[in-house]
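Trainee: Next comes the structure file my_file.pdb, holding PDB, C-alpha atoms.
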```pdb
MODEL        1
ATOM      1  CA  THR A   9       0.000   0.000   0.000
ATOM      2  CA  THR A  10       0.938   3.669  -0.212
ATOM      3  CA  LYS A  11       1.415   4.068   3.558
ATOM      4  CA  SER A  12       3.705   1.057   3.819
ATOM      5  CA  ALA A  13       5.712   2.281   0.834
ATOM      6  CA  LEU A  14       6.098   5.709   2.408
ATOM      7  CA  LYS A  15       7.293   4.162   5.666
ATOM      8  CA  LYS A  16      10.159   2.484   3.825
ATOM      9  CA  LEU A  17      11.356   5.818   2.445
ATOM     10  CA  THR A  18      13.820   7.998   4.279
ATOM     11  CA  LYS A  19      12.784  11.342   5.763
ATOM     12  CA  ALA A  20      14.408  13.261   2.910
ATOM     13  CA  GLU A  21      12.634  11.090   0.308
ATOM     14  CA  ARG A  22       9.257  11.610   1.986
ATOM     15  CA  GLU A  23       9.798  15.370   2.080
ATOM     16  CA  ALA A  24      10.779  15.365  -1.604
ATOM     17  CA  LYS A  25       7.337  13.973  -2.464
ATOM     18  CA  MET A  26       5.527  16.799  -0.612
ATOM     19  CA  VAL A  27       4.069  19.908  -2.206
ATOM     20  CA  PRO A  28       6.743  22.568  -2.828
ATOM     21  CA  TYR A  29       6.484  25.738  -0.765
ATOM     22  CA  GLU A  30       6.464  28.577  -3.284
ATOM     23  CA  ASP A  31       7.153  31.783  -1.340
ATOM     24  CA  VAL A  32       5.753  34.064   1.358
ATOM     25  CA  PHE A  33       3.787  36.291  -1.030
ATOM     26  CA  GLU A  34       0.452  34.570  -0.384
ATOM     27  CA  ASP A  35       0.975  34.634   3.390
ATOM     28  CA  TYR A  36       1.858  38.328   3.360
ATOM     29  CA  ASN A  37      -1.026  39.117   0.999
ATOM     30  CA  GLU A  38      -3.495  37.367   3.278
ATOM     31  CA  MET A  39      -2.289  39.299   6.327
ATOM     32  CA  ILE A  40      -2.368  42.630   4.470
ATOM     33  CA  ILE A  41      -5.962  42.067   3.350
ATOM     34  CA  GLN A  42      -6.980  41.171   6.877
ATOM     35  CA  PHE A  43      -5.205  44.256   8.250
ATOM     36  CA  GLY A  44      -7.091  46.404   5.747
ATOM     37  CA  TRP A  45     -10.526  45.056   6.708
ATOM     38  CA  VAL A  46      -9.798  45.435  10.424
ATOM     39  CA  THR A  47      -8.353  48.959  10.330
ATOM     40  CA  LEU A  48     -10.143  50.679   7.453
ATOM     41  CA  PHE A  49     -13.597  49.882   8.830
ATOM     42  CA  ALA A  50     -12.910  49.530  12.552
ATOM     43  CA  ALA A  51     -15.561  52.118  13.385
ATOM     44  CA  ALA A  52     -18.224  50.178  11.472
ATOM     45  CA  PHE A  53     -17.451  46.803  13.113
ATOM     46  CA  PRO A  54     -15.236  47.106  16.233
ATOM     47  CA  LEU A  55     -15.337  43.337  16.893
ATOM     48  CA  ALA A  56     -13.380  42.711  13.681
ATOM     49  CA  SER A  57     -10.096  43.051  15.571
ATOM     50  CA  PHE A  58     -11.147  40.330  18.042
ATOM     51  CA  ALA A  59     -12.239  38.048  15.201
ATOM     52  CA  ALA A  60      -8.896  38.654  13.477
ATOM     53  CA  LEU A  61      -7.040  37.784  16.693
ATOM     54  CA  VAL A  62      -8.870  34.456  16.997
ATOM     55  CA  ASN A  63      -8.244  33.725  13.327
ATOM     56  CA  ASN A  64      -4.519  34.463  13.655
ATOM     57  CA  LEU A  65      -4.160  32.251  16.738
ATOM     58  CA  VAL A  66      -5.645  29.355  14.764
ATOM     59  CA  GLU A  67      -3.643  30.182  11.637
ATOM     60  CA  ILE A  68      -0.364  30.118  13.558
ATOM     61  CA  ARG A  69      -0.831  26.394  14.174
ATOM     62  CA  SER A  70      -2.175  25.682  10.682
ATOM     63  CA  ASP A  71       0.810  27.429   9.058
ATOM     64  CA  ALA A  72       3.167  25.533  11.357
ATOM     65  CA  TYR A  73       1.590  22.242  10.254
ATOM     66  CA  LYS A  74       1.826  23.351   6.613
ATOM     67  CA  LEU A  75       5.531  24.131   6.901
ATOM     68  CA  CYS A  76       6.453  21.101   9.004
ATOM     69  CA  ALA A  77       4.204  18.280   7.798
ATOM     70  CA  SER A  78       2.527  18.895   4.433
ATOM     71  CA  HIS A  79       4.994  20.983   2.396
ATOM     72  CA  GLN A  80       8.637  20.793   1.473
ATOM     73  CA  ARG A  81      11.046  22.843   3.498
ATOM     74  CA  PRO A  82      11.283  26.354   2.043
ATOM     75  CA  TRP A  83      14.581  27.538   0.635
ATOM     76  CA  TYR A  84      16.516  29.839   2.908
ATOM     77  CA  THR A  85      16.525  33.427   1.644
ATOM     78  CA  GLN A  86      18.121  36.321   3.469
ATOM     79  CA  ALA A  87      16.185  39.602   3.773
ATOM     80  CA  GLU A  88      16.864  42.793   5.678
ATOM     81  CA  ASP A  89      13.185  43.504   6.390
ATOM     82  CA  MET A  90       9.712  42.853   4.982
ATOM     83  CA  GLY A  91      10.377  45.081   1.983
ATOM     84  CA  THR A  92       7.533  46.807   0.116
ATOM     85  CA  TRP A  93       4.933  45.336   2.458
ATOM     86  CA  TYR A  94       6.046  47.810   5.138
ATOM     87  CA  TYR A  95       5.150  50.801   2.957
ATOM     88  CA  ILE A  96       1.789  49.201   2.108
ATOM     89  CA  LEU A  97       1.014  48.823   5.815
ATOM     90  CA  GLU A  98       2.124  52.401   6.471
ATOM     91  CA  PHE A  99      -0.153  53.728   3.724
ATOM     92  CA  MET A 100      -3.088  51.641   4.952
ATOM     93  CA  SER A 101      -2.631  52.825   8.543
ATOM     94  CA  ILE A 102      -2.773  56.471   7.427
ATOM     95  CA  THR A 103      -5.792  55.800   5.215
ATOM     96  CA  ALA A 104      -7.511  54.009   8.100
ATOM     97  CA  VAL A 105      -7.425  57.188  10.193
ATOM     98  CA  VAL A 106      -9.188  59.118   7.424
ATOM     99  CA  THR A 107     -11.828  56.462   6.725
ATOM    100  CA  ASN A 108     -12.679  55.864  10.370
ATOM    101  CA  MET A 109     -13.000  59.562  11.157
ATOM    102  CA  ALA A 110     -15.210  59.965   8.079
ATOM    103  CA  ILE A 111     -17.406  57.050   9.180
ATOM    104  CA  LEU A 112     -17.737  58.457  12.694
ATOM    105  CA  GLY A 113     -18.308  61.987  11.469
ATOM    106  CA  TYR A 114     -20.953  61.291   8.835
ATOM    107  CA  THR A 115     -22.790  58.276  10.237
ATOM    108  CA  SER A 116     -22.848  59.059  13.949
ATOM    109  CA  GLU A 117     -25.210  61.578  15.520
ATOM    110  CA  GLN A 118     -22.928  62.244  18.470
ATOM    111  CA  LEU A 119     -21.431  65.329  16.828
ATOM    112  CA  ASP A 120     -24.848  66.993  16.865
ATOM    113  CA  ASN A 121     -24.576  67.158  20.660
ATOM    114  CA  PHE A 122     -21.409  69.252  20.316
ATOM    115  CA  GLY A 123     -22.943  71.812  17.968
ATOM    116  CA  ALA A 124     -21.485  70.251  14.820
ATOM    117  CA  GLY A 125     -24.757  69.608  13.117
ATOM    118  CA  ARG A 126     -23.983  71.776  10.125
ATOM    119  CA  GLU A 127     -22.089  70.336   7.203
ATOM    120  CA  PHE A 128     -19.153  72.733   7.445
ATOM    121  CA  SER A 129     -18.856  72.347  11.208
ATOM    122  CA  ARG A 130     -18.967  68.571  10.896
ATOM    123  CA  LEU A 131     -16.264  68.596   8.223
ATOM    124  CA  PHE A 132     -14.128  70.912  10.350
ATOM    125  CA  VAL A 133     -14.392  68.664  13.430
ATOM    126  CA  VAL A 134     -13.651  65.516  11.401
ATOM    127  CA  THR A 135     -10.610  67.127   9.763
ATOM    128  CA  LEU A 136      -9.323  68.450  13.080
ATOM    129  CA  ALA A 137      -9.681  65.048  14.792
ATOM    130  CA  GLU A 138      -8.074  63.277  11.838
ATOM    131  CA  HIS A 139      -5.052  65.606  11.923
ATOM    132  CA  ALA A 140      -4.748  65.208  15.690
ATOM    133  CA  ILE A 141      -4.690  61.408  15.423
ATOM    134  CA  LEU A 142      -2.136  61.535  12.596
ATOM    135  CA  LEU A 143       0.110  63.807  14.681
ATOM    136  CA  LEU A 144      -0.229  61.385  17.587
ATOM    137  CA  LYS A 145       0.711  58.530  15.261
ATOM    138  CA  ILE A 146       3.805  60.384  14.031
ATOM    139  CA  ALA A 147       4.819  61.219  17.613
ATOM    140  CA  LEU A 148       4.483  57.606  18.744
ATOM    141  CA  LYS A 149       6.456  56.428  15.723
ATOM    142  CA  ALA A 150       9.265  58.831  16.615
ATOM    143  CA  LEU A 151       9.261  57.944  20.324
ATOM    144  CA  VAL A 152       8.959  54.157  20.016
ATOM    145  CA  PRO A 153      12.011  52.646  18.267
ATOM    146  CA  ASP A 154      11.547  50.001  15.601
ATOM    147  CA  MET A 155      14.131  47.849  17.376
ATOM    148  CA  PRO A 156      14.291  47.522  21.184
ATOM    149  CA  GLU A 157      17.470  48.699  22.853
ATOM    150  CA  TRP A 158      18.498  45.232  24.042
ATOM    151  CA  VAL A 159      18.074  43.840  20.508
ATOM    152  CA  ALA A 160      20.162  46.684  19.048
ATOM    153  CA  ASN A 161      22.882  46.030  21.643
ATOM    154  CA  GLU A 162      22.894  42.335  20.831
ATOM    155  CA  VAL A 163      23.137  43.050  17.103
ATOM    156  CA  GLU A 164      26.075  45.402  17.687
ATOM    157  CA  ARG A 165      27.746  42.783  19.896
ATOM    158  CA  ILE A 166      27.402  40.142  17.173
ATOM    159  CA  LYS A 167      28.804  42.544  14.559
ATOM    160  CA  TYR A 168      31.754  43.315  16.843
ATOM    161  CA  ARG A 169      32.478  39.617  17.337
ATOM    162  CA  LYS A 170      32.313  38.985  13.593
ATOM    163  CA  THR A 171      34.690  41.871  12.938
ATOM    164  CA  LYS A 172      37.161  40.572  15.527
ATOM    165  CA  LEU A 173      36.983  37.042  14.139
ATOM    166  CA  VAL A 174      37.630  38.300  10.601
ATOM    167  CA  GLU A 175      40.573  40.430  11.779
ATOM    168  CA  GLU A 176      42.011  37.486  13.729
ATOM    169  CA  ALA A 177      41.633  35.164  10.728
ATOM    170  CA  GLU A 178      43.339  37.697   8.446
ATOM    171  CA  ARG A 179      46.169  38.163  10.954
ATOM    172  CA  GLU A 180      46.685  34.403  11.237
ATOM    173  CA  ALA A 181      46.700  34.112   7.445
ATOM    174  CA  VAL A 182      49.380  36.819   7.178
ATOM    175  CA  GLU A 183      51.473  35.180   9.920
ATOM    176  CA  ASN A 184      51.199  31.772   8.246
ATOM    177  CA  ALA A 185      52.228  33.289   4.924
ATOM    178  CA  GLU A 186      55.248  34.941   6.568
ATOM    179  CA  TRP A 187      56.214  31.653   8.239
ATOM    180  CA  GLU A 188      55.936  29.812   4.928
ATOM    181  CA  ASP A 189      58.083  32.438   3.205
ATOM    182  CA  SER A 190      60.701  32.267   5.968
ATOM    183  CA  ASP A 191      60.688  28.453   5.848
ATOM    184  CA  ALA A 192      61.120  28.500   2.073
ATOM    185  CA  GLU A 193      63.983  31.005   2.356
ATOM    186  CA  TYR A 194      65.622  28.975   5.098
ATOM    187  CA  SER A 195      65.309  25.764   3.075
ATOM    188  CA  ASP A 196      66.837  27.478   0.034
ATOM    189  CA  ASN A 197      69.743  28.816   2.109
ATOM    190  CA  TYR A 198      70.250  25.464   3.802
ATOM    191  CA  SER A 199      70.294  23.573   0.495
ATOM    192  CA  GLY A 200      72.777  26.126  -0.889
ATOM    193  CA  GLU A 201      75.107  25.626   2.095
ATOM    194  CA  GLU A 202      74.928  21.845   1.668
ATOM    195  CA  GLU A 203      75.899  22.148  -1.993
ATOM    196  CA  GLU A 204      78.875  24.342  -1.080
ATOM    197  CA  GLU A 205      80.001  21.826   1.555
ATOM    198  CA  GLU A 206      79.725  19.004  -0.983
ATOM    199  CA  ASP A 207      81.814  20.958  -3.481
ATOM    200  CA  LEU A 208      84.511  21.556  -0.836
ATOM    201  CA  GLU A 209      84.571  17.896   0.185
ATOM    202  CA  LYS A 210      84.897  16.507  -3.338
ATOM    203  CA  PRO A 211      88.663  17.394  -3.925
ATOM    204  CA  GLU A 212      89.609  15.857  -0.565
ATOM    205  CA  ASP A 213      87.711  12.722  -1.451
ATOM    206  CA  LYS A 214      89.543  12.578  -4.772
ATOM    207  CA  ARG A 215      92.903  12.974  -3.079
ATOM    208  CA  LYS A 216      92.022  10.201  -0.658
ATOM    209  CA  ALA A 217      91.000   7.929  -3.470
ATOM    210  CA  ARG A 218      94.224   8.633  -5.561
ATOM    211  CA  PRO A 219      96.653   5.593  -5.484
ATOM    212  CA  LEU A 220     100.132   6.046  -4.019
ATOM    213  CA  HIS A 221     103.098   5.163  -6.291
ATOM    214  CA  PRO A 222     106.383   4.017  -4.684
TER
ENDMDL
END
```
Kindly return the structure encoded in the file as structure tokens.

Mentor:
Amino acid sequence: TTKSALKKLTKAEREAKMVPYEDVFEDYNEMIIQFGWVTLFAAAFPLASFAALVNNLVEIRSDAYKLCASHQRPWYTQAEDMGTWYYILEFMSITAVVTNMAILGYTSEQLDNFGAGREFSRLFVVTLAEHAILLLKIALKALVPDMPEWVANEVERIKYRKTKLVEEAEREAVENAEWEDSDAEYSDNYSGEEEEEEDLEKPEDKRKARPLHP
């Protein structure tokens, strides 16, 4: 049967028969769409964020099963950050402020209690609140670093260790090259001295080997 045949295969052979994992585009695209629905219309359906949280908690385990049990291992690719997706999220977060303030300003009757029943007054209040929230967003972005301090320190420590290891390896390579050059020079000098000694010993050997006549 198929199960018994699969059991006889090695782990690498079983993984080779799995579905290839293409890339992370679909995963990112799914998260971006969800982020858009939650943020752009948060005022219309506030429980969307809770529903998205439950969905993501379930999807964490389903994606883990997909990567570990049903798909081939993805190829390792190095990336500095999430790339263009970051700018898409940034644009959507700014647009979400505008859409939510517009929804609250033109669908809610709460502004009538503050004397903003007229069209111009309502537009003025919505624009003022939208600008205030955007300024708050910019301030929080400036105050909260993208990378925590302890992570930045650890990254700098790793870079320092790598630099020291590279410098040490280069120094050892230079020292080894100098030792090899000195050994080669010494061997050349030593072989030259041996040749000179052999040349000096040859006449004496000839004299010793010459027969004596009475």

Trainee: Starting from the point (-15.6, 67.2, 11.8), work out which residues of protein, DNA or RNA have an atom no more than 12 Å away when counting all atoms listed in the file; state them as a ChimeraX atom specification.

Mentor: /A:106,108-120,122-140

Trainee: Once the PyMOL selection byres ((chain A and resi 96-98) around 12) has been evaluated on this model, what residues remain selected, and can you format them as a ChimeraX atom specification?

Mentor: /A:36-37,39-44,47-48,90-95,99-105,142,145-146,149

Trainee: First collect every listed atom of segment 55-64 of chain A; then fit an axis-aligned box around them, widen it by 5 Å on each side, and give centre and edge lengths in Å to one decimal, as JSON.

Mentor:
```
{"center_x": -9.9, "center_y": 38.5, "center_z": 15.7, "size_x": 20.8, "size_y": 19.6, "size_z": 14.7}
```

Trainee: Could you state which residues are captured by the PyMOL selection byres ((chain A and resi 20-34) around 7) in this file, as a list in words?

Mentor: Leu14, Leu17, Thr18, Lys19, Asp35, Tyr36, Asn37, Glu38, Ser78, His79, Gln80, Arg81 and Pro82 of chain A

Trainee: For atom CA of Ala52 of chain A and atom CA of Thr107 of chain A, determine how far apart the two atoms are, in Å to one decimal place.

Mentor: 10.1 Å
